[in-house]
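Chemist: File model_31.txt below, compact mmCIF, C-alpha atoms:
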# COMPACT_ATOMS: atom_id res chain seq x y z
CA MET A 1 2.95 -38.74 5.30
CA ALA A 2 -0.22 -36.73 5.96
CA PHE A 3 1.60 -34.86 8.72
CA ASP A 4 4.42 -33.96 6.30
CA LYS A 5 1.87 -32.65 3.79
CA LEU A 6 0.20 -30.59 6.51
CA LYS A 7 3.57 -29.23 7.58
CA GLY A 8 4.33 -28.32 3.97
CA LEU A 9 0.98 -26.56 3.67
CA PHE A 10 1.65 -24.70 6.93
CA SER A 11 4.78 -23.20 5.31
CA TYR A 12 2.52 -21.52 2.75
CA LEU A 13 -0.15 -20.41 5.22
CA PRO A 14 0.51 -16.67 4.55
CA ILE A 15 -0.29 -17.15 0.85
CA ILE A 16 -3.45 -19.12 1.68
CA ILE A 17 -4.60 -16.39 4.09
CA PHE A 18 -3.75 -13.75 1.48
CA LEU A 19 -6.06 -15.45 -1.03
CA ILE A 20 -8.85 -15.79 1.56
CA ILE A 21 -8.57 -12.06 2.32
CA VAL A 22 -8.83 -11.27 -1.40
CA ILE A 23 -11.99 -13.37 -1.76
CA HIS A 24 -13.40 -11.69 1.37
CA HIS A 25 -12.57 -8.26 -0.14
CA CYS A 26 -14.33 -9.13 -3.42
CA TYR A 27 -17.39 -10.35 -1.51
CA TRP A 28 -17.76 -7.05 0.38
CA VAL A 29 -17.09 -4.93 -2.72
CA ILE A 30 -19.87 -6.74 -4.60
CA GLN A 31 -22.21 -7.22 -1.65
CA ALA A 32 -21.99 -3.86 0.14
CA ASN A 33 -20.00 -1.43 -2.03
CA LEU A 34 -16.83 -1.62 0.07
CA SER A 35 -14.37 0.91 -1.37
CA PRO A 36 -11.86 -0.98 -3.56
CA TRP A 37 -9.09 0.90 -1.72
CA LEU A 38 -9.79 -1.04 1.48
CA GLY A 39 -10.19 -4.55 2.81
CA GLY A 40 -6.91 -6.05 1.58
CA GLY A 41 -7.75 -6.15 -2.14
CA TYR A 42 -4.87 -3.83 -3.13
CA GLY A 43 -7.14 -1.46 -5.05
CA MET A 44 -5.42 1.64 -3.67
CA PHE A 45 -4.69 4.33 -6.26
CA SER A 46 -6.98 2.59 -8.77
CA THR A 47 -10.26 4.53 -8.50
CA THR A 48 -11.82 7.75 -7.26
CA ASP A 49 -14.37 5.64 -5.40
CA TYR A 50 -13.07 6.09 -1.86
CA GLY A 51 -13.76 8.16 1.27
CA PRO A 52 -13.44 11.74 -0.09
CA SER A 53 -15.78 10.92 -3.00
CA ARG A 54 -18.51 9.44 -0.84
CA TYR A 55 -21.07 11.46 1.10
CA ILE A 56 -23.49 10.79 3.90
CA LYS A 57 -26.82 12.58 4.10
CA VAL A 58 -28.93 12.32 7.22
CA TYR A 59 -32.52 13.56 7.17
CA ALA A 60 -35.21 13.85 9.81
CA LEU A 61 -38.49 12.49 8.43
CA GLU A 62 -42.09 12.98 9.40
CA ASP A 63 -44.79 11.09 7.46
CA ASN A 64 -42.09 10.15 4.97
CA ILE A 65 -41.43 13.82 4.20
CA ILE A 66 -37.98 15.32 4.76
CA LYS A 67 -38.24 17.92 7.51
CA GLU A 68 -34.62 18.75 8.12
CA GLN A 69 -31.11 17.76 7.09
CA ILE A 70 -28.99 16.82 10.08
CA GLU A 71 -25.27 17.61 10.19
CA ILE A 72 -23.17 14.72 11.44
CA PRO A 73 -21.41 15.87 14.62
CA GLU A 74 -17.60 15.81 14.74
CA SER A 75 -17.71 13.24 17.55
CA LEU A 76 -19.15 10.70 15.08
CA SER A 77 -16.50 11.23 12.41
CA ASN A 78 -15.00 7.76 12.88
CA VAL A 79 -18.38 6.04 12.53
CA ALA A 80 -19.09 8.20 9.46
CA ARG A 81 -15.70 7.33 7.96
CA SER A 82 -16.42 3.60 8.37
CA LEU A 83 -19.84 4.05 6.79
CA ARG A 84 -18.44 5.93 3.80
CA SER A 85 -15.93 3.11 3.24
CA LEU A 86 -18.44 0.31 3.75
CA PRO A 87 -22.07 1.42 3.38
CA SER A 88 -23.50 -1.84 4.72
CA ILE A 89 -26.80 -2.07 6.59
CA ASN A 90 -24.93 -2.69 9.86
CA ASN A 91 -22.85 0.46 9.46
CA LEU A 92 -25.95 2.48 8.44
CA GLN A 93 -27.71 1.18 11.54
CA GLU A 94 -24.73 2.06 13.73
CA LEU A 95 -24.63 5.67 12.53
CA ALA A 96 -28.44 5.98 12.81
CA LEU A 97 -28.30 4.81 16.45
CA GLU A 98 -25.43 7.17 17.27
CA ILE A 99 -27.34 10.08 15.73
CA GLU A 100 -30.47 9.05 17.60
CA ASN A 101 -28.50 9.30 20.87
CA TYR A 102 -27.04 12.61 19.81
CA LEU A 103 -30.48 14.02 18.94
CA ARG A 104 -31.91 12.84 22.23
CA LEU A 105 -29.13 14.65 24.09
CA SER A 106 -29.78 17.81 22.12
CA GLN A 107 -33.55 17.60 22.80
CA HIS A 108 -34.56 17.08 19.17
CA SER A 109 -37.31 14.63 18.41
CA PHE A 110 -38.34 13.21 15.07
CA PRO A 111 -40.20 9.97 14.40
CA HIS A 112 -37.81 8.77 11.67
CA LEU A 113 -34.29 9.26 10.41
CA ARG A 114 -33.05 8.53 6.92
CA VAL A 115 -29.36 7.84 6.40
CA GLU A 116 -28.08 7.79 2.82
CA VAL A 117 -24.62 7.13 1.42
CA TRP A 118 -23.82 8.58 -2.00
CA GLY A 119 -20.93 7.90 -4.34
CA SER A 120 -19.49 10.16 -7.06
CA ARG A 121 -18.46 9.58 -10.65
CA TYR A 122 -16.34 12.23 -12.31
CA HIS A 123 -16.54 13.27 -15.94
CA GLU A 124 -13.38 12.05 -17.71
CA LYS A 125 -12.62 15.44 -19.32
CA THR A 126 -14.05 18.05 -16.94
CA LEU A 127 -14.10 16.14 -13.60
CA ILE A 128 -17.65 17.45 -13.02
CA PRO A 129 -19.16 14.96 -10.56
CA SER A 130 -22.44 13.13 -10.78
CA PHE A 131 -23.84 11.36 -7.75
CA HIS A 132 -25.45 7.97 -7.22
CA LEU A 133 -27.02 6.39 -4.17
CA LEU A 134 -24.98 3.52 -2.71
CA ASN A 135 -27.28 2.54 0.15
CA LYS A 136 -29.87 3.99 2.52
CA LEU A 137 -31.71 3.17 5.70
CA ASP A 138 -34.91 4.50 7.27
CA HIS A 139 -34.62 4.28 11.02
CA LYS A 140 -37.50 4.58 13.45
CA LEU A 141 -36.55 6.45 16.58
CA VAL A 142 -37.45 4.93 19.95
CA GLU A 143 -40.00 7.12 21.70
CA MET B 144 33.48 -0.44 8.89
CA ILE B 145 33.85 -1.78 5.35
CA LYS B 146 34.64 -5.24 6.72
CA ALA B 147 31.59 -5.08 8.99
CA ILE B 148 29.38 -4.16 6.03
CA HIS B 149 31.00 -6.87 3.92
CA ASP B 150 30.33 -9.46 6.64
CA TYR B 151 26.74 -8.28 7.01
CA LEU B 152 26.09 -8.65 3.28
CA HIS B 153 27.05 -12.32 3.52
CA LYS B 154 24.68 -13.12 6.35
CA ASP B 155 21.74 -15.48 5.99
CA ALA B 156 18.72 -14.09 4.07
CA PHE B 157 16.44 -14.74 7.05
CA GLU B 158 18.61 -12.59 9.31
CA ILE B 159 18.86 -9.71 6.83
CA SER B 160 15.17 -9.75 5.97
CA ALA B 161 14.18 -9.99 9.66
CA HIS B 162 16.45 -7.05 10.55
CA PHE B 163 14.99 -4.85 7.81
CA THR B 164 11.43 -5.84 8.74
CA LEU B 165 12.15 -4.80 12.33
CA LEU B 166 13.67 -1.54 11.12
CA ALA B 167 10.58 -0.91 8.97
CA LEU B 168 8.36 -1.52 12.03
CA LEU B 169 10.37 0.98 14.06
CA PHE B 170 10.51 3.60 11.30
CA ASN B 171 6.85 3.35 10.32
CA GLN B 172 5.25 3.08 13.81
CA VAL B 173 2.10 1.24 12.78
CA GLY B 174 -1.02 0.44 14.78
CA ASN B 175 -3.24 2.26 17.22
CA SER B 176 -2.65 3.27 20.83
CA PHE B 177 -3.31 -0.33 21.98
CA SER B 178 -1.04 -2.15 19.58
CA ARG B 179 1.65 0.41 18.67
CA PRO B 180 3.55 0.41 22.01
CA PHE B 181 3.74 -3.40 21.94
CA ILE B 182 4.84 -3.52 18.28
CA LEU B 183 7.56 -0.93 18.91
CA PHE B 184 8.72 -2.56 22.14
CA ILE B 185 8.95 -6.05 20.65
CA SER B 186 10.70 -4.79 17.48
CA ALA B 187 13.27 -2.86 19.52
CA LEU B 188 13.82 -5.86 21.79
CA ALA B 189 14.36 -8.14 18.78
CA LEU B 190 17.02 -5.81 17.42
CA LEU B 191 18.75 -5.23 20.76
CA LEU B 192 18.96 -8.83 21.93
CA ALA B 193 21.62 -11.07 20.46
CA ASN B 194 19.79 -13.37 18.00
CA GLY B 195 16.52 -11.73 19.04
CA PHE B 196 15.32 -11.94 15.43
CA LYS B 197 15.47 -15.76 15.64
CA GLN B 198 13.08 -16.00 18.59
CA ARG B 199 9.78 -17.50 17.52
CA LEU B 200 7.99 -15.78 20.41
CA ILE B 201 9.07 -12.39 18.99
CA TRP B 202 7.55 -13.17 15.59
CA PHE B 203 4.46 -14.75 17.13
CA MET B 204 3.83 -11.58 19.15
CA LEU B 205 4.48 -9.34 16.14
CA SER B 206 2.11 -11.47 14.02
CA PHE B 207 -0.50 -11.21 16.75
CA PHE B 208 -0.31 -7.43 17.21
CA THR B 209 -0.06 -6.60 13.50
CA SER B 210 -3.07 -8.87 12.81
CA PHE B 211 -4.99 -7.45 15.76
CA ARG B 212 -4.45 -3.98 14.33
CA VAL B 213 -6.00 -5.05 11.00
CA LEU B 214 -8.97 -6.84 12.55
CA TYR B 215 -9.68 -4.16 15.16
CA VAL B 216 -10.28 -1.43 12.58
CA TRP B 217 -11.59 -3.60 9.71
CA PRO B 218 -12.08 -2.54 6.93
CA MET B 219 -10.23 0.73 7.53
CA ALA B 220 -6.64 -0.61 7.64
CA ASP B 221 -4.40 0.20 4.68
CA ASN B 222 -3.49 -2.66 2.38
CA HIS B 223 0.09 -2.78 3.58
CA ALA B 224 -1.19 -3.48 7.11
CA TYR B 225 -2.53 -6.82 5.81
CA LEU B 226 0.73 -7.56 4.04
CA LEU B 227 2.77 -6.66 7.12
CA ALA B 228 0.72 -9.05 9.28
CA LEU B 229 1.19 -11.83 6.71
CA TRP B 230 4.90 -11.13 6.48
CA CYS B 231 5.31 -11.29 10.27
CA LEU B 232 3.42 -14.61 10.14
CA THR B 233 5.86 -15.82 7.44
CA LEU B 234 8.82 -14.91 9.66
CA PHE B 235 7.15 -16.70 12.59
CA ILE B 236 6.67 -19.87 10.50
CA ALA B 237 10.28 -19.64 9.29
CA SER B 238 11.57 -19.17 12.85
CA CYS B 239 9.72 -22.38 13.84
CA ASN B 240 11.53 -24.29 11.12
CA PRO B 241 15.15 -23.02 10.96
CA ALA B 242 16.24 -25.76 8.54
CA LYS B 243 13.76 -24.56 5.91
CA ALA B 244 13.65 -20.87 6.92
CA ARG B 245 15.43 -19.70 3.76
CA MET B 246 13.00 -21.55 1.51
CA ILE B 247 9.91 -20.48 3.48
CA ILE B 248 10.69 -16.76 3.44
CA GLY B 249 11.98 -16.91 -0.14
CA ASP B 250 8.89 -18.59 -1.60
CA ASN B 251 6.36 -16.66 0.47
CA GLY B 252 8.14 -13.35 -0.12
CA ARG B 253 8.30 -13.81 -3.88
CA ILE B 254 4.75 -15.09 -4.33
CA LEU B 255 3.22 -12.51 -1.97
CA ILE B 256 4.96 -9.64 -3.80
CA GLY B 257 3.80 -11.09 -7.12
CA LEU B 258 0.21 -11.45 -5.93
CA VAL B 259 0.11 -7.93 -4.45
CA PHE B 260 1.22 -6.42 -7.75
CA LEU B 261 -1.07 -8.69 -9.76
CA LEU B 262 -4.08 -7.55 -7.71
CA ALA B 263 -3.03 -3.90 -7.84
CA SER B 264 -2.84 -4.03 -11.64
CA VAL B 265 -6.06 -6.06 -12.06
CA GLN B 266 -7.92 -3.55 -9.85
CA LYS B 267 -6.65 -0.75 -12.11
CA MET B 268 -7.73 -2.57 -15.26
CA LEU B 269 -11.20 -3.31 -13.87
CA SER B 270 -11.73 0.16 -12.44
CA VAL B 271 -14.35 2.33 -14.18
CA ASP B 272 -12.26 5.49 -13.97
CA TYR B 273 -8.59 4.52 -14.04
CA LEU B 274 -7.68 3.81 -17.67
CA ASP B 275 -9.37 6.98 -18.98
CA GLY B 276 -7.16 9.11 -16.70
CA THR B 277 -9.97 10.34 -14.43
CA PHE B 278 -8.31 8.92 -11.34
CA PHE B 279 -4.99 10.74 -11.73
CA GLN B 280 -6.72 13.99 -12.74
CA TYR B 281 -8.71 13.78 -9.52
CA LEU B 282 -5.72 12.74 -7.40
CA PHE B 283 -3.38 15.46 -8.66
CA LEU B 284 -5.99 18.16 -8.11
CA THR B 285 -7.43 17.08 -4.77
CA ASP B 286 -4.71 15.31 -2.79
CA ASN B 287 -2.44 17.93 -1.20
CA ARG B 288 0.37 15.39 -0.89
CA PHE B 289 0.82 15.53 -4.67
CA GLU B 290 0.42 19.26 -5.28
CA ASP B 291 4.15 20.11 -5.45
CA PHE B 292 4.70 17.34 -7.98
CA THR B 293 1.68 18.52 -10.00
CA VAL B 294 2.88 22.12 -10.01
CA LEU B 295 6.39 21.09 -11.05
CA PHE B 296 5.47 18.75 -13.88
CA GLY B 297 1.89 19.67 -14.82
CA ASN B 298 2.44 23.35 -15.60
CA VAL B 299 -0.40 24.37 -13.31
CA SER B 300 -0.16 26.85 -10.45
CA PHE B 301 -1.11 26.32 -6.81
CA GLN B 302 -3.88 28.84 -7.44
CA GLN B 303 -5.31 26.71 -10.26
CA ILE B 304 -5.24 23.66 -7.98
CA TYR B 305 -7.06 25.51 -5.19
CA GLN B 306 -9.59 26.89 -7.70
CA ALA B 307 -10.24 23.35 -8.92
CA GLN B 308 -10.72 22.18 -5.32
CA ASP B 309 -13.10 25.07 -4.60
CA LEU B 310 -15.12 24.32 -7.70
CA LEU B 311 -15.29 20.64 -6.82
CA SER B 312 -16.44 21.53 -3.29
CA GLN B 313 -19.21 23.71 -4.76
CA TYR B 314 -20.49 20.81 -6.84
CA GLN B 315 -20.27 18.55 -3.83
CA TYR B 316 -21.94 21.05 -1.53
CA GLN B 317 -24.82 21.69 -3.92
CA PHE B 318 -24.89 17.98 -4.69
CA SER B 319 -25.63 18.64 -8.33
CA SER B 320 -23.76 18.36 -11.62
CA PHE B 321 -25.73 21.13 -13.24
CA SER B 322 -25.06 24.05 -10.93
CA THR B 323 -22.35 25.89 -12.86
CA ASN B 324 -21.07 23.41 -15.44
CA LYS B 325 -17.60 24.91 -15.18
CA ASN B 326 -14.66 22.75 -16.16
CA ILE B 327 -12.75 21.71 -13.04
CA VAL B 328 -9.60 20.52 -14.84
CA PRO B 329 -7.17 23.35 -15.69
CA SER B 330 -6.39 23.47 -19.41
CA SER B 331 -2.74 22.50 -19.61
CA LEU B 332 -1.13 20.20 -22.14
CA GLU B 333 1.56 19.25 -19.63
CA PHE B 334 -1.05 18.35 -17.02
CA ASN B 335 -2.84 16.06 -19.48
CA LEU B 336 0.49 14.49 -20.41
CA LEU B 337 1.40 14.00 -16.75
CA VAL B 338 -1.96 12.29 -16.15
CA THR B 339 -1.54 10.00 -19.17
CA ILE B 340 2.05 9.05 -18.30
CA SER B 341 1.20 8.44 -14.61
CA THR B 342 -1.81 6.30 -15.55
CA TRP B 343 0.04 4.03 -17.96
CA TRP B 344 3.40 3.95 -16.17
CA ASN B 345 1.75 2.83 -12.94
CA LEU B 346 -0.22 0.09 -14.62
CA ILE B 347 2.57 -1.24 -16.86
CA ASP B 348 5.19 -1.09 -14.12
CA GLN B 349 3.01 -2.95 -11.61
CA LEU B 350 1.99 -5.53 -14.18
CA ALA B 351 5.66 -6.07 -15.04
CA VAL B 352 6.56 -6.63 -11.37
CA ALA B 353 3.66 -9.12 -11.05
CA CYS B 354 4.74 -11.05 -14.16
CA CYS B 355 8.40 -11.18 -13.09
CA PHE B 356 7.68 -12.32 -9.53
CA LEU B 357 5.11 -14.92 -10.57
CA ALA B 358 7.09 -16.21 -13.57
CA PRO B 359 8.48 -19.76 -13.34
CA VAL B 360 11.76 -19.97 -11.43
CA GLY B 361 14.74 -19.73 -13.80
CA SER B 362 12.82 -18.02 -16.61
CA TYR B 363 13.96 -14.74 -18.19
CA LEU B 364 11.24 -12.75 -16.40
CA HIS B 365 12.10 -14.39 -13.06
CA ARG B 366 15.71 -13.24 -13.43
CA LYS B 367 14.54 -9.66 -14.00
CA ARG B 368 12.26 -9.52 -10.94
CA ASP B 369 14.60 -7.59 -8.65
CA PHE B 370 15.25 -4.96 -11.31
CA SER B 371 11.50 -4.51 -11.94
CA LEU B 372 10.74 -4.07 -8.23
CA MET B 373 13.62 -1.63 -7.72
CA LEU B 374 12.45 0.43 -10.69
CA PHE B 375 8.94 0.50 -9.22
CA CYS B 376 10.19 1.60 -5.78
CA ILE B 377 12.56 4.28 -7.11
CA THR B 378 9.91 5.88 -9.30
CA THR B 379 6.82 5.37 -7.13
CA TYR B 380 8.09 6.33 -3.68
CA ALA B 381 9.66 9.50 -5.04
CA VAL B 382 6.09 10.68 -5.62
CA ALA B 383 3.77 8.61 -3.40
CA PRO B 384 4.26 9.29 0.31
CA VAL B 385 3.74 5.70 1.50
CA ALA B 386 7.19 4.80 2.74
CA GLY B 387 5.88 2.03 5.01
CA PHE B 388 4.77 -0.03 2.02
CA GLY B 389 8.12 0.58 0.31
CA TRP B 390 10.13 -0.55 3.35
CA LEU B 391 8.00 -3.65 3.71
CA LEU B 392 8.44 -4.57 0.02
CA VAL B 393 12.23 -4.15 0.32
CA SER B 394 12.31 -6.31 3.48
CA MET B 395 10.34 -9.01 1.68
CA ALA B 396 12.44 -8.70 -1.45
CA LEU B 397 15.62 -9.22 0.58
CA ALA B 398 14.20 -12.57 1.67
CA GLN B 399 13.72 -13.85 -1.87
CA CYS B 400 16.66 -12.43 -3.81
CA GLU B 401 19.69 -14.54 -4.68
CA SER B 402 22.60 -14.35 -2.23
CA ASN B 403 24.18 -11.88 -4.59
CA THR B 404 26.07 -9.06 -2.90
CA LYS B 405 25.22 -6.48 -5.58
CA ILE B 406 21.47 -7.15 -5.38
CA ARG B 407 21.55 -7.03 -1.59
CA ILE B 408 23.45 -3.72 -1.65
CA ALA B 409 20.92 -2.36 -4.14
CA TYR B 410 17.94 -3.36 -1.98
CA MET B 411 19.54 -2.03 1.22
CA SER B 412 20.35 1.26 -0.53
CA LEU B 413 16.77 1.38 -1.76
CA PHE B 414 15.52 1.05 1.81
CA PHE B 415 17.43 4.20 2.73
CA ILE B 416 16.53 6.00 -0.52
CA ILE B 417 12.87 5.54 0.50
CA LEU B 418 13.78 6.98 3.92
CA PHE B 419 15.36 9.93 2.10
CA TYR B 420 12.23 10.43 -0.04
CA TYR B 421 10.11 10.28 3.12
CA GLU B 422 12.12 12.76 5.15
CA VAL B 423 13.36 15.15 2.48
CA HIS B 424 10.52 16.63 0.46
CA ILE B 425 12.39 16.99 -2.80
CA TRP B 426 9.45 18.32 -4.83
CA ARG B 427 8.78 21.00 -2.20
CA ILE B 428 12.44 22.05 -2.28
CA LEU B 429 12.42 22.17 -6.09
CA VAL B 430 9.19 24.19 -6.17
CA ASP B 431 10.61 26.65 -3.65
CA PHE B 432 13.84 26.87 -5.64
CA ILE B 433 12.11 27.49 -8.99
CA HIS B 434 9.60 30.00 -7.63
Go ahead and render the structure in this file as structure tokens.
Modeler:
Amino acid sequence: MAFDKLKGLFSYLPIIIFLIIVIHHCYWVIQANLSPWLGGGYGMFSTTDYGPSRYIKVYALEDNIIKEQIEIPESLSNVARSLRSLPSINNLQELALEIENYLRLSQHSFPHLRVEVWGSRYHEKTLIPSFHLLNKLDHKLVE
Amino acid sequence: MIKAIHDYLHKDAFEISAHFTLLALLFNQVGNSFSRPFILFISALALLLANGFKQRLIWFMLSFFTSFRVLYVWPMADNHAYLLALWCLTLFIASCNPAKARMIIGDNGRILIGLVFLLASVQKMLSVDYLDGTFFQYLFLTDNRFEDFTVLFGNVSFQQIYQAQDLLSQYQYQFSSFSTNKNIVPSSLEFNLLVTISTWWNLIDQLAVACCFLAPVGSYLHRKRDFSLMLFCITTYAVAPVAGFGWLLVSMALAQCESNTKIRIAYMSLFFIILFYYEVHIWRILVDFIH
């Protein structure tokens, strides 16, 4: 009897997994500003809040003062794309570490890096954007 | 030829749906360099071998590789990548239980389509910038895939679109809303109308598909589900260049529709209409013809 019920439930496993993915999507949207377009929540074509409307700013800091803005190298475009889509602490950390390696290779040295991810809202009539901070991380470079 | 087509139309729903899913996998070439060769090889094998589509190992492998592709790049995979993995899993479960295969693919196909459209419409209703038209204004002016359509129906020129993109880039580069305060949206009544129609048509159409597919079996809405999905596919995939999603929806829809020859012909034709949309850029041709 129990086996039959389990077998019946197994037939609907795709729907159960679908619902789990949706809950997982909602969690990351609320918790870490995951773009509604991604993560299996079927929010594509529903909002301007996706990759092209999100920006990453990386600054070199000294005594908490911005010394220089650092351009993200092309080789890190995939990491940057992931960060724009999901600006979680882990992804911020990953980009900061990659940039630290990149700076070390190019002989730059700063005590701190700041990585910020910004989102855009567009005016409903004019489309003029305004920007808001989604998440940021101050990263101490290893000496 | 006609007899062969006639015979094919009367085949089991599992066979037809499996064949079209395999075709969709071959046409769309999903995955990355690790998973794509395996997905293509297994799909081709399943189509070439006699009764290859019935082999549970085929569907297990396809479920594995399509799921791997989603997990490997999480959260970057498109939404239809998730649905494709779940649909391959459905076909695997059905292939393990041939006696109930028809019911398994029918129920899962119908409910999954309903849930996808329900979520898509709820996300639009909850979005901060969808219902006021901001999203479609932004999309039509910034996404190059839609520029021919925008020029044709929005009464704006390519130059106006590129000017809008330049202006938007300036705001983004200066990272300020107060730099020039120039209006980015071209002033065109037709463009505003196009934005309003696109916004509401998309929402209402998707909500209708969700209601029809999730309505109780036998109800009026349930009987109209195939029509609502076909209408969505014909209108949406003429404009949106996401054929892979369209092919997958048709493959799933073939699993859940009644064994009615006319409906099957309509879905199969739709599959190839989407192929036509994908390969022949009708808006580009029309723009070139008019200008």
Chemist: Counting all atoms listed in the file, which residues from chain B have an atom at most 7 Å from any atom of chain A, and could you show them as a VMD selection string?
Modeler: chain B and resid 218 to 222 225 229 232 to 233 236 247 251 255 259 262 to 263 266 to 267 270 272 to 273 275 to 278 319 to 320 326 to 328
Chemist: Between A:Glu116, A:Phe110, A:Leu76, A:Ala96, which has the minimum distance to His139 of chain A (counting only C-alpha atoms)?
Modeler: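 Of all the options, A:Ala96 lies closest to His139 of chain A.
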Chemist: For atom CA of Pro241 of chain B and atom CA of Ala156 of chain B, determine how far apart the two atoms are, in Å to one decimal place.
Modeler: 11.8 Å
Chemist: In terms of the shortest atom-to-atom distance over only C-alpha atoms, which of B:Phe170, B:Phe301, B:Phe296, B:Phe318 is closest to Leu418 of chain B?
Modeler: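 With only C-alpha atoms as the atom set, the closest residue is B:Phe170.
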Chemist: Quick one: pull the distance between atom CA of Ser206 of chain B and atom CA of Ile248 of chain B, Å, one decimal.
Modeler: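 The value is 14.6 Å.
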Chemist: Write out as a ChimeraX atom specification each polymer residue whose atoms come within 6 Å of segment 397-403 of chain B, counting all atoms listed in the file; drop sequence neighbours fewer than 3 positions from it.
Modeler: /B:156,160,248-249,252-253,394,406
Chemist: Work out how far atom CA of Pro384 of chain B is from atom CA of Thr285 of chain B, in Å to one decimal.
Modeler: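 Answer for the atom CA of Thr285 of chain B to atom CA of Pro384 of chain B separation: 14.9 Å.
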Chemist: So which residues touch segment 101-105 of chain A within 12 Å, counting only C-alpha atoms, skipping near sequence neighbours fewer than 2 positions away, as a list in words?
Modeler: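 Once the nearby chain positions are removed, what remains is Val58, Tyr59, Ala60, Ile70, Glu71, Ile72, Pro73, Glu74, Ser75, Leu76, Glu94, Leu95, Ala96, Leu97, Glu98, Ile99, Gln107, His108, Ser109, Phe110, Pro111, His112, Leu113, Leu141, Val142 and Glu143 of chain A.
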Chemist: With C-alpha atoms retained, write the just-selected residues as an mmCIF file, in the frame of the given file.
Modeler:
data_model
loop_
_atom_site.group_PDB
_atom_site.id
_atom_site.type_symbol
_atom_site.label_atom_id
_atom_site.label_comp_id
_atom_site.auth_asym_id
_atom_site.auth_seq_id
_atom_site.Cartn_x
_atom_site.Cartn_y
_atom_site.Cartn_z
ATOM 1 C CA VAL A 58 -28.930 12.320 7.220
ATOM 2 C CA TYR A 59 -32.520 13.560 7.170
ATOM 3 C CA ALA A 60 -35.210 13.850 9.810
ATOM 4 C CA ILE A 70 -28.990 16.820 10.080
ATOM 5 C CA GLU A 71 -25.270 17.610 10.190
ATOM 6 C CA ILE A 72 -23.170 14.720 11.440
ATOM 7 C CA PRO A 73 -21.410 15.870 14.620
ATOM 8 C CA GLU A 74 -17.600 15.810 14.740
ATOM 9 C CA SER A 75 -17.710 13.240 17.550
ATOM 10 C CA LEU A 76 -19.150 10.700 15.080
ATOM 11 C CA GLU A 94 -24.730 2.060 13.730
ATOM 12 C CA LEU A 95 -24.630 5.670 12.530
ATOM 13 C CA ALA A 96 -28.440 5.980 12.810
ATOM 14 C CA LEU A 97 -28.300 4.810 16.450
ATOM 15 C CA GLU A 98 -25.430 7.170 17.270
ATOM 16 C CA ILE A 99 -27.340 10.080 15.730
ATOM 17 C CA GLN A 107 -33.550 17.600 22.800
ATOM 18 C CA HIS A 108 -34.560 17.080 19.170
ATOM 19 C CA SER A 109 -37.310 14.630 18.410
ATOM 20 C CA PHE A 110 -38.340 13.210 15.070
ATOM 21 C CA PRO A 111 -40.200 9.970 14.400
ATOM 22 C CA HIS A 112 -37.810 8.770 11.670
ATOM 23 C CA LEU A 113 -34.290 9.260 10.410
ATOM 24 C CA LEU A 141 -36.550 6.450 16.580
ATOM 25 C CA VAL A 142 -37.450 4.930 19.950
ATOM 26 C CA GLU A 143 -40.000 7.120 21.700
#
Chemist: I need the residue nearest Leu284 of chain B from this list: B:Lys367, B:Met373, B:Leu336, B:Gln302. Use only C-alpha atoms for the distance.
Modeler: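 Of B:Lys367, B:Met373, B:Leu336, B:Gln302, the one nearest Leu284 of chain B, counting only C-alpha atoms, is B:Gln302.
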Chemist: Counting all atoms listed in the file, which residue out of B:Tyr380, B:Phe196, B:Phe292, B:Trp426 sits closest to His162 of chain B?
Modeler: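 Of all the options, B:Phe196 lies closest to His162 of chain B.
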Chemist: From the list B:Tyr316, B:Phe260, B:Phe207, B:Tyr281, which residue is nearest His223 of chain B when using all atoms listed in the file?
Modeler: B:Phe260
Chemist: Which residue out of B:Glu422, B:Asp369, B:Asp348, B:Asp291 has the minimum interatomic distance to His434 of chain B when all atoms listed in the file are used?
Modeler: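 Smallest separation from His434 of chain B among the options: B:Asp291.
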Chemist: Might you pull out every residue within 10 Å of His149 of chain B, with all atoms listed in the file counted and same-chain residues fewer than 4 positions away left off, and present them as a list in words?
Modeler: Met144, Ile145, His153, Lys154, Thr404 and Ile408 of chain B
Chemist: (13.1, 7.2, -6.9) in this file's frame - what residues fall within 12 Å of it? Use all atoms listed in the file and give the answer as a short mmCIF file (atom, residue, chain, number, x, y, z; two decimals) with C-alpha atoms, in the frame of the given file.
Modeler:
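Produced file part_30.cif, reproduced below:
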data_model
loop_
_atom_site.label_atom_id
_atom_site.label_comp_id
_atom_site.auth_asym_id
_atom_site.auth_seq_id
_atom_site.Cartn_x
_atom_site.Cartn_y
_atom_site.Cartn_z
CA LEU B 372 10.74 -4.07 -8.23
CA MET B 373 13.62 -1.63 -7.72
CA LEU B 374 12.45 0.43 -10.69
CA PHE B 375 8.94 0.50 -9.22
CA CYS B 376 10.19 1.60 -5.78
CA ILE B 377 12.56 4.28 -7.11
CA THR B 378 9.91 5.88 -9.30
CA THR B 379 6.82 5.37 -7.13
CA TYR B 380 8.09 6.33 -3.68
CA ALA B 381 9.66 9.50 -5.04
CA VAL B 382 6.09 10.68 -5.62
CA ALA B 383 3.77 8.61 -3.40
CA PRO B 384 4.26 9.29 0.31
CA ALA B 386 7.19 4.80 2.74
CA GLY B 389 8.12 0.58 0.31
CA SER B 412 20.35 1.26 -0.53
CA LEU B 413 16.77 1.38 -1.76
CA PHE B 414 15.52 1.05 1.81
CA PHE B 415 17.43 4.20 2.73
CA ILE B 416 16.53 6.00 -0.52
CA ILE B 417 12.87 5.54 0.50
CA LEU B 418 13.78 6.98 3.92
CA PHE B 419 15.36 9.93 2.10
CA TYR B 420 12.23 10.43 -0.04
CA TYR B 421 10.11 10.28 3.12
CA ILE B 425 12.39 16.99 -2.80
CA TRP B 426 9.45 18.32 -4.83
#
